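Below: protein-v4.pdb (PDB, C-alpha atoms, pLDDT in the B column)
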```pdb
ATOM      1  CA  MET A  12     -81.307 -10.325 158.945  1.00 52.00           C
ATOM      2  CA  THR A  13     -82.501 -13.881 158.451  1.00 59.00           C
ATOM      3  CA  LEU A  14     -82.029 -15.868 155.257  1.00 57.00           C
ATOM      4  CA  THR A  15     -85.683 -15.392 154.380  1.00 70.00           C
ATOM      5  CA  LYS A  16     -85.498 -11.606 154.713  1.00 75.00           C
ATOM      6  CA  ARG A  17     -82.214 -11.515 152.814  1.00 75.00           C
ATOM      7  CA  GLY A  18     -83.653 -13.688 150.061  1.00 74.00           C
ATOM      8  CA  ARG A  19     -86.751 -11.538 149.872  1.00 81.00           C
ATOM      9  CA  SER A  20     -84.673  -8.363 149.575  1.00 84.00           C
ATOM     10  CA  ILE A  21     -82.359  -9.857 146.943  1.00 84.00           C
ATOM     11  CA  SER A  22     -85.157 -11.232 144.804  1.00 88.00           C
ATOM     12  CA  VAL A  23     -87.431  -8.174 144.879  1.00 92.00           C
ATOM     13  CA  SER A  24     -84.477  -5.855 144.226  1.00 92.00           C
ATOM     14  CA  GLY A  25     -83.287  -8.098 141.411  1.00 93.00           C
ATOM     15  CA  PHE A  26     -86.672  -8.134 139.707  1.00 96.00           C
ATOM     16  CA  LEU A  27     -87.102  -4.357 140.000  1.00 96.00           C
ATOM     17  CA  LEU A  28     -83.565  -3.544 138.821  1.00 96.00           C
ATOM     18  CA  ALA A  29     -83.714  -5.987 135.910  1.00 96.00           C
ATOM     19  CA  GLY A  30     -87.078  -4.619 134.799  1.00 96.00           C
ATOM     20  CA  ALA A  31     -85.866  -1.026 135.051  1.00 97.00           C
ATOM     21  CA  ILE A  32     -82.682  -1.807 133.107  1.00 97.00           C
ATOM     22  CA  GLY A  33     -84.725  -3.496 130.394  1.00 96.00           C
ATOM     23  CA  ILE A  34     -87.208  -0.639 130.046  1.00 96.00           C
ATOM     24  CA  ILE A  35     -84.482   2.016 129.964  1.00 97.00           C
ATOM     25  CA  SER A  36     -82.291   0.076 127.545  1.00 96.00           C
ATOM     26  CA  SER A  37     -85.231  -0.528 125.194  1.00 95.00           C
ATOM     27  CA  THR A  38     -85.272   3.209 124.448  1.00 95.00           C
ATOM     28  CA  GLN A  39     -81.495   3.511 124.034  1.00 96.00           C
ATOM     29  CA  THR A  40     -79.355   2.923 120.941  1.00 95.00           C
ATOM     30  CA  TRP A  41     -78.271  -0.700 120.683  1.00 94.00           C
ATOM     31  CA  PHE A  42     -76.749  -0.548 117.187  1.00 93.00           C
ATOM     32  CA  THR A  43     -75.389   2.236 115.008  1.00 92.00           C
ATOM     33  CA  VAL A  44     -75.663   1.512 111.290  1.00 90.00           C
ATOM     34  CA  GLU A  45     -73.028   3.202 109.119  1.00 90.00           C
ATOM     35  CA  ARG A  46     -74.336   3.727 105.596  1.00 86.00           C
ATOM     36  CA  ALA A  47     -72.460   3.020 102.387  1.00 84.00           C
ATOM     37  CA  ASP A  48     -74.156   5.955 100.651  1.00 81.00           C
ATOM     38  CA  ALA A  49     -72.503   8.411 103.077  1.00 77.00           C
ATOM     39  CA  GLY A  50     -75.887   9.271 104.563  1.00 81.00           C
ATOM     40  CA  GLU A  51     -76.477   9.992 108.224  1.00 87.00           C
ATOM     41  CA  ALA A  52     -75.923   7.012 110.512  1.00 89.00           C
ATOM     42  CA  ILE A  53     -79.053   5.072 111.552  1.00 89.00           C
ATOM     43  CA  LEU A  54     -79.586   4.487 115.268  1.00 92.00           C
ATOM     44  CA  VAL A  55     -81.412   1.289 116.198  1.00 92.00           C
ATOM     45  CA  PRO A  56     -82.983   1.267 119.703  1.00 93.00           C
ATOM     46  CA  GLY A  57     -83.297  -1.841 121.796  1.00 93.00           C
ATOM     47  CA  ALA A  58     -87.051  -2.093 121.202  1.00 93.00           C
ATOM     48  CA  SER A  59     -86.384  -2.367 117.449  1.00 91.00           C
ATOM     49  CA  ALA A  60     -83.463  -4.765 117.803  1.00 91.00           C
ATOM     50  CA  LEU A  61     -85.365  -7.067 120.176  1.00 92.00           C
ATOM     51  CA  VAL A  62     -89.100  -6.607 119.724  1.00 92.00           C
ATOM     52  CA  LEU A  63     -90.162  -8.261 122.991  1.00 94.00           C
ATOM     53  CA  LEU A  64     -87.640  -6.331 125.100  1.00 96.00           C
ATOM     54  CA  ALA A  65     -89.941  -3.542 126.319  1.00 96.00           C
ATOM     55  CA  PRO A  66     -93.064  -5.617 127.160  1.00 96.00           C
ATOM     56  CA  LEU A  67     -91.087  -8.369 128.871  1.00 96.00           C
ATOM     57  CA  SER A  68     -89.113  -5.821 130.881  1.00 97.00           C
ATOM     58  CA  LEU A  69     -92.370  -4.179 131.968  1.00 96.00           C
ATOM     59  CA  ALA A  70     -93.718  -7.605 132.957  1.00 96.00           C
ATOM     60  CA  VAL A  71     -90.591  -8.287 135.023  1.00 96.00           C
ATOM     61  CA  LEU A  72     -91.028  -4.948 136.770  1.00 95.00           C
ATOM     62  CA  ALA A  73     -94.645  -5.832 137.564  1.00 95.00           C
ATOM     63  CA  LEU A  74     -93.619  -9.274 138.854  1.00 93.00           C
ATOM     64  CA  GLY A  75     -91.120  -7.657 141.188  1.00 93.00           C
ATOM     65  CA  ALA A  76     -93.812  -5.450 142.672  1.00 91.00           C
ATOM     66  CA  ALA A  77     -96.253  -8.367 142.906  1.00 91.00           C
ATOM     67  CA  LEU A  78     -93.727 -10.437 144.885  1.00 89.00           C
ATOM     68  CA  LEU A  79     -94.432  -8.202 147.873  1.00 85.00           C
ATOM     69  CA  ILE A  80     -98.088  -9.230 148.109  1.00 86.00           C
ATOM     70  CA  ALA A  81     -98.360 -12.615 146.385  1.00 83.00           C
ATOM     71  CA  GLY A  82     -98.860 -15.934 148.154  1.00 82.00           C
ATOM     72  CA  LYS A  83     -96.211 -18.603 148.418  1.00 80.00           C
ATOM     73  CA  ALA A  84     -97.389 -20.772 145.528  1.00 82.00           C
ATOM     74  CA  VAL A  85     -97.743 -17.723 143.252  1.00 89.00           C
ATOM     75  CA  ARG A  86     -94.192 -16.670 144.121  1.00 89.00           C
ATOM     76  CA  PHE A  87     -92.964 -20.051 142.904  1.00 90.00           C
ATOM     77  CA  VAL A  88     -94.757 -19.449 139.594  1.00 92.00           C
ATOM     78  CA  PHE A  89     -93.220 -15.960 139.433  1.00 93.00           C
ATOM     79  CA  GLY A  90     -89.771 -17.474 139.927  1.00 93.00           C
ATOM     80  CA  VAL A  91     -90.279 -19.941 137.078  1.00 95.00           C
ATOM     81  CA  LEU A  92     -91.618 -17.258 134.736  1.00 95.00           C
ATOM     82  CA  ALA A  93     -88.758 -14.913 135.588  1.00 96.00           C
ATOM     83  CA  ALA A  94     -86.137 -17.616 135.025  1.00 97.00           C
ATOM     84  CA  VAL A  95     -87.593 -18.448 131.605  1.00 97.00           C
ATOM     85  CA  THR A  96     -87.778 -14.732 130.719  1.00 97.00           C
ATOM     86  CA  ALA A  97     -84.181 -14.151 131.804  1.00 97.00           C
ATOM     87  CA  LEU A  98     -82.932 -17.098 129.750  1.00 97.00           C
ATOM     88  CA  PHE A  99     -84.919 -16.029 126.680  1.00 96.00           C
ATOM     89  CA  LEU A 100     -83.828 -12.382 126.828  1.00 96.00           C
ATOM     90  CA  GLY A 101     -80.217 -13.288 127.622  1.00 96.00           C
ATOM     91  CA  TRP A 102     -79.984 -15.810 124.788  1.00 96.00           C
ATOM     92  CA  SER A 103     -81.628 -13.437 122.296  1.00 94.00           C
ATOM     93  CA  THR A 104     -79.323 -10.579 123.262  1.00 95.00           C
ATOM     94  CA  LEU A 105     -76.252 -12.800 122.962  1.00 94.00           C
ATOM     95  CA  GLN A 106     -77.382 -13.912 119.502  1.00 92.00           C
ATOM     96  CA  LEU A 107     -77.600 -10.260 118.436  1.00 90.00           C
ATOM     97  CA  LEU A 108     -74.091  -9.592 119.699  1.00 90.00           C
ATOM     98  CA  LEU A 109     -72.381 -12.786 118.552  1.00 89.00           C
ATOM     99  CA  THR A 110     -73.899 -13.064 115.077  1.00 85.00           C
ATOM    100  CA  GLU A 111     -74.446 -10.489 112.357  1.00 73.00           C
ATOM    101  CA  PRO A 112     -77.475  -8.499 113.601  1.00 79.00           C
ATOM    102  CA  PHE A 113     -78.568  -7.533 110.074  1.00 82.00           C
ATOM    103  CA  GLY A 114     -82.015  -9.071 110.433  1.00 80.00           C
ATOM    104  CA  ALA A 115     -82.668  -7.162 113.656  1.00 81.00           C
ATOM    105  CA  VAL A 116     -81.871  -3.760 112.116  1.00 83.00           C
ATOM    106  CA  ALA A 117     -83.173  -4.301 108.575  1.00 83.00           C
ATOM    107  CA  ALA A 118     -86.665  -3.018 109.420  1.00 83.00           C
ATOM    108  CA  THR A 119     -85.226   0.196 110.879  1.00 82.00           C
ATOM    109  CA  VAL A 120     -82.976   0.703 107.851  1.00 82.00           C
ATOM    110  CA  THR A 121     -85.951   0.170 105.531  1.00 81.00           C
ATOM    111  CA  GLU A 122     -88.024   2.661 107.521  1.00 79.00           C
ATOM    112  CA  VAL A 123     -85.313   5.323 107.336  1.00 81.00           C
ATOM    113  CA  THR A 124     -84.136   4.835 103.759  1.00 80.00           C
ATOM    114  CA  GLY A 125     -87.384   3.699 102.161  1.00 78.00           C
ATOM    115  CA  LEU A 126     -85.574   0.808 100.468  1.00 73.00           C
ATOM    116  CA  ALA A 127     -87.299  -2.562 100.263  1.00 69.00           C
ATOM    117  CA  GLY A 128     -85.809  -5.982  99.768  1.00 67.00           C
ATOM    118  CA  GLY A 129     -82.937  -7.674 101.536  1.00 72.00           C
ATOM    119  CA  ALA A 130     -80.393  -7.055  98.781  1.00 75.00           C
ATOM    120  CA  ALA A 131     -81.116  -3.325  98.541  1.00 72.00           C
ATOM    121  CA  VAL A 132     -80.983  -2.864 102.287  1.00 76.00           C
ATOM    122  CA  HIS A 133     -77.797  -4.916 102.585  1.00 77.00           C
ATOM    123  CA  GLU A 134     -76.074  -2.738  99.987  1.00 80.00           C
ATOM    124  CA  THR A 135     -76.924   0.345 102.040  1.00 81.00           C
ATOM    125  CA  VAL A 136     -75.356  -0.990 105.233  1.00 83.00           C
ATOM    126  CA  LEU A 137     -71.621  -0.408 105.535  1.00 84.00           C
ATOM    127  CA  SER A 138     -71.220  -1.622 109.132  1.00 86.00           C
ATOM    128  CA  ILE A 139     -73.262  -2.312 112.252  1.00 88.00           C
ATOM    129  CA  VAL A 140     -71.645  -1.220 115.514  1.00 89.00           C
ATOM    130  CA  PRO A 141     -73.154  -2.343 118.864  1.00 92.00           C
ATOM    131  CA  SER A 142     -73.280   0.078 121.789  1.00 93.00           C
ATOM    132  CA  ALA A 143     -72.813  -0.649 125.487  1.00 95.00           C
ATOM    133  CA  TRP A 144     -76.547  -1.049 126.135  1.00 96.00           C
ATOM    134  CA  PRO A 145     -76.874  -4.693 125.011  1.00 95.00           C
ATOM    135  CA  TYR A 146     -74.142  -5.589 127.492  1.00 96.00           C
ATOM    136  CA  ILE A 147     -75.846  -3.561 130.225  1.00 97.00           C
ATOM    137  CA  ALA A 148     -79.071  -5.426 129.451  1.00 97.00           C
ATOM    138  CA  LEU A 149     -77.219  -8.742 129.760  1.00 97.00           C
ATOM    139  CA  VAL A 150     -76.202  -7.722 133.282  1.00 96.00           C
ATOM    140  CA  GLY A 151     -79.884  -7.089 133.998  1.00 96.00           C
ATOM    141  CA  TRP A 152     -80.884 -10.526 132.664  1.00 97.00           C
ATOM    142  CA  ALA A 153     -78.163 -12.171 134.782  1.00 97.00           C
ATOM    143  CA  LEU A 154     -79.455 -10.285 137.808  1.00 96.00           C
ATOM    144  CA  LEU A 155     -82.996 -11.431 137.037  1.00 97.00           C
ATOM    145  CA  LEU A 156     -81.853 -15.043 136.701  1.00 96.00           C
ATOM    146  CA  VAL A 157     -80.111 -14.923 140.095  1.00 94.00           C
ATOM    147  CA  ALA A 158     -83.168 -13.293 141.700  1.00 94.00           C
ATOM    148  CA  SER A 159     -85.531 -15.870 140.228  1.00 94.00           C
ATOM    149  CA  VAL A 160     -83.354 -18.719 141.511  1.00 93.00           C
ATOM    150  CA  VAL A 161     -83.463 -17.148 144.975  1.00 91.00           C
ATOM    151  CA  VAL A 162     -87.269 -17.015 144.732  1.00 91.00           C
ATOM    152  CA  LEU A 163     -87.439 -20.682 143.741  1.00 90.00           C
ATOM    153  CA  VAL A 164     -85.132 -21.738 146.573  1.00 88.00           C
ATOM    154  CA  THR A 165     -86.759 -19.694 149.327  1.00 86.00           C
ATOM    155  CA  TRP A 166     -90.412 -19.483 148.251  1.00 83.00           C
ATOM    156  CA  ARG A 167     -91.605 -21.697 151.122  1.00 82.00           C
ATOM    157  CA  GLY A 168     -90.058 -19.364 153.678  1.00 80.00           C
ATOM    158  CA  TRP A 169     -91.746 -16.175 152.490  1.00 78.00           C
ATOM    159  CA  LYS A 170     -94.416 -14.892 154.840  1.00 68.00           C
ATOM    160  CA  THR A 171     -97.824 -14.195 153.357  1.00 53.00           C
ATOM    161  CA  GLY A 172     -99.045 -11.662 155.867  1.00 44.00           C
ATOM    162  CA  GLY A 173     -99.475 -11.566 159.639  1.00 35.00           C
ATOM    163  CA  ARG A 174     -96.927 -12.676 162.217  1.00 41.00           C
ATOM    164  CA  ARG A 175     -94.996 -15.785 161.256  1.00 42.00           C
ATOM    165  CA  TYR A 176     -94.933 -18.749 163.598  1.00 39.00           C
ATOM    166  CA  ARG A 177     -91.436 -19.224 165.011  1.00 44.00           C
ATOM    167  CA  THR A 178     -90.148 -22.535 166.330  1.00 44.00           C
ATOM    168  CA  ASP A 179     -86.770 -21.321 167.537  1.00 47.00           C
ATOM    169  CA  ARG A 180     -88.087 -19.983 170.864  1.00 47.00           C
ATOM    170  CA  VAL A 181     -86.695 -21.882 173.856  1.00 50.00           C
ATOM    171  CA  ASP A 182     -87.932 -19.613 176.627  1.00 51.00           C
ATOM    172  CA  VAL A 183     -91.650 -20.333 176.236  1.00 50.00           C
ATOM    173  CA  ALA A 184     -93.352 -21.718 179.322  1.00 51.00           C
ATOM    174  CA  HIS A 185     -95.960 -24.439 178.772  1.00 48.00           C
ATOM    175  CA  ASP A 186     -98.714 -24.575 181.402  1.00 54.00           C
ATOM    176  CA  GLY A 187    -100.185 -27.763 180.044  1.00 51.00           C
ATOM    177  CA  PRO A 188    -100.972 -29.735 176.922  1.00 52.00           C
ATOM    178  CA  VAL A 189    -102.104 -27.746 173.950  1.00 48.00           C
ATOM    179  CA  ASP A 190    -105.049 -28.978 171.947  1.00 47.00           C
ATOM    180  CA  ALA A 191    -103.749 -30.098 168.550  1.00 47.00           C
ATOM    181  CA  VAL A 192    -106.736 -28.848 166.563  1.00 46.00           C
ATOM    182  CA  ASP A 193    -106.707 -25.433 168.213  1.00 47.00           C
ATOM    183  CA  SER A 194    -102.947 -25.211 167.760  1.00 43.00           C
ATOM    184  CA  TRP A 195    -103.193 -25.952 164.058  1.00 43.00           C
ATOM    185  CA  ASP A 196    -106.016 -23.428 163.645  1.00 46.00           C
ATOM    186  CA  GLU A 197    -103.994 -20.739 165.333  1.00 48.00           C
ATOM    187  CA  LEU A 198    -100.835 -21.792 163.544  1.00 47.00           C
ATOM    188  CA  SER A 199    -102.575 -21.464 160.167  1.00 50.00           C
ATOM    189  CA  ARG A 200    -103.534 -17.903 161.106  1.00 55.00           C
ATOM    190  CA  GLY A 201     -99.885 -17.037 161.772  1.00 58.00           C
ATOM    191  CA  THR A 202    -100.084 -16.900 165.591  1.00 56.00           C
ATOM    192  CA  ASP A 203     -98.191 -18.876 168.213  1.00 53.00           C
ATOM    193  CA  PRO A 204    -100.600 -20.575 170.669  1.00 53.00           C
ATOM    194  CA  THR A 205     -97.814 -21.231 173.191  1.00 54.00           C
ATOM    195  CA  ARG A 206     -97.079 -17.582 173.912  1.00 53.00           C
TER
END
```

Could you write out this structure as structure tokens?
Amino acid sequence: MTLTKRGRSISVSGFLLAGAIGIISSTQTWFTVERADAGEAILVPGASALVLLAPLSLAVLALGAALLIAGKAVRFVFGVLAAVTALFLGWSTLQLLLTEPFGAVAATVTEVTGLAGGAAVHETVLSIVPSAWPYIALVGWALLLVASVVVLVTWRGWKTGGRRYRTDRVDVAHDGPVDAVDSWDELSRGTDPTR
């Protein structure tokens, strides 16, 4: 397997896995809110904790599929978009885990309890316990970041259809000079005029 094929496999797999992890985790419980009024615990899914999680994960999944048919320049754009998305999602998820995620779950608490106002909601919340899904999502964002870097590094080597021109052949016999214009025309179509 050449570097180009390996890079293509790594990047496409990374995009697809990261998108799938994001979509699945958006429906799972990210935070469990224990209530001070002894009511039933409130489960906050990833889509409520991080509003853009589901649509961005779906976009990443679509980008992974599009990598298989897109041209070289478009792949470079995909790599940039994916890197920015991975950094945004990773940073946002870390902020939810490292700081008090009250703001991210307040809307869900209000919806369940019917209470309005920050003070009233805050008095209802006894504790906010994160689940394993935010950490699983972080693994997905790291995977997406690695895959996008691979795309950016190897985008020139991706084939865009047809048979790629190879210059590592040493056993090709040349019967005579090859016309430069014809060679370039054939080369641009992905064929080797010397074979």

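Coordinates place atom CA of Val62 of chain A at a distance of 22.2 Å from atom CA of Phe89 of chain A.
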
Selection dump of the PyMOL selection byres ((chain A and resi 93) around 8), as a list in words: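 That expression, the PyMOL selection byres ((chain A and resi 93) around 8), corresponds here to Val71, Phe89, Gly90, Val91, Leu92, Ala94, Val95, Thr96, Ala97, Leu155, Leu156 and Ser159 of chain A.
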
If you measure from atom CA of Leu126 of chain A to atom CA of Gly50 of chain A, what distance in Å do you get, rounded to one decimal? 13.5 Å

Contacts of Arg46 of chain A at 12 Å or less, counting all atoms listed in the file, minus same-chain residues fewer than 2 places along, as a PyMOL selection string? chain A and resi 43-44+48-54+120+123-124+132-140

With all atoms listed in the file as the basis for distance, which of A:Val161, A:Gly82, A:Ser103, A:Gly30 is at the shortest distance from Ala65 of chain A?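 Nearest to Ala65 of chain A: A:Gly30.
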
The PyMOL selection byres ((chain A and resi 34) around 9) on the file shown: which residues, as a list in words? Ala29, Gly30, Ala31, Ile32, Gly33, Ile35, Ser36, Ser37, Thr38, Ala58, Leu64, Ala65, Pro66, Leu67, Ser68, Leu69 and Leu72 of chain A

Residue contacts of Gly75 of chain A (6 Å, all atoms listed in the file) excluding same-chain residues fewer than 3 positions away, as a list of chain:residue names: A:Val23, A:Phe26, A:Leu27, A:Leu72, A:Leu78

Students should find that atom CA of Ser22 of chain A and atom CA of Trp152 of chain A are spaced 12.9 Å

So what does the PyMOL selection byres ((chain A and resi 166) around 8) actually pick up in this one, as a list in words? Lys83, Ala84, Arg86, Phe87, Val162, Leu163, Val164, Thr165, Arg167, Gly168 and Trp169 of chain A

As lines of an AutoDock Vina configuration file, please report the centre and edge lengths, rounded to one decimal in Å, of the axis-aligned box that holds all listed atoms of segment 91-105 of chain A with 4 Å of padding on each of the six sides.
```
center_x = -83.9
center_y = -15.3
center_z = 129.7
size_x = 23.4
size_y = 17.4
size_z = 22.8
```

Within 10 Å of (-80.1, -9.1, 127.2), only C-alpha atoms: residues as a ChimeraX atom specification? /A:29,32-33,36,57,61,64,97-108,144-153

Shortest interatomic distance to Phe42 of chain A - which of A:Ala60, A:Leu74, A:Leu109, A:Ala118, counting only C-alpha atoms: A:Ala60
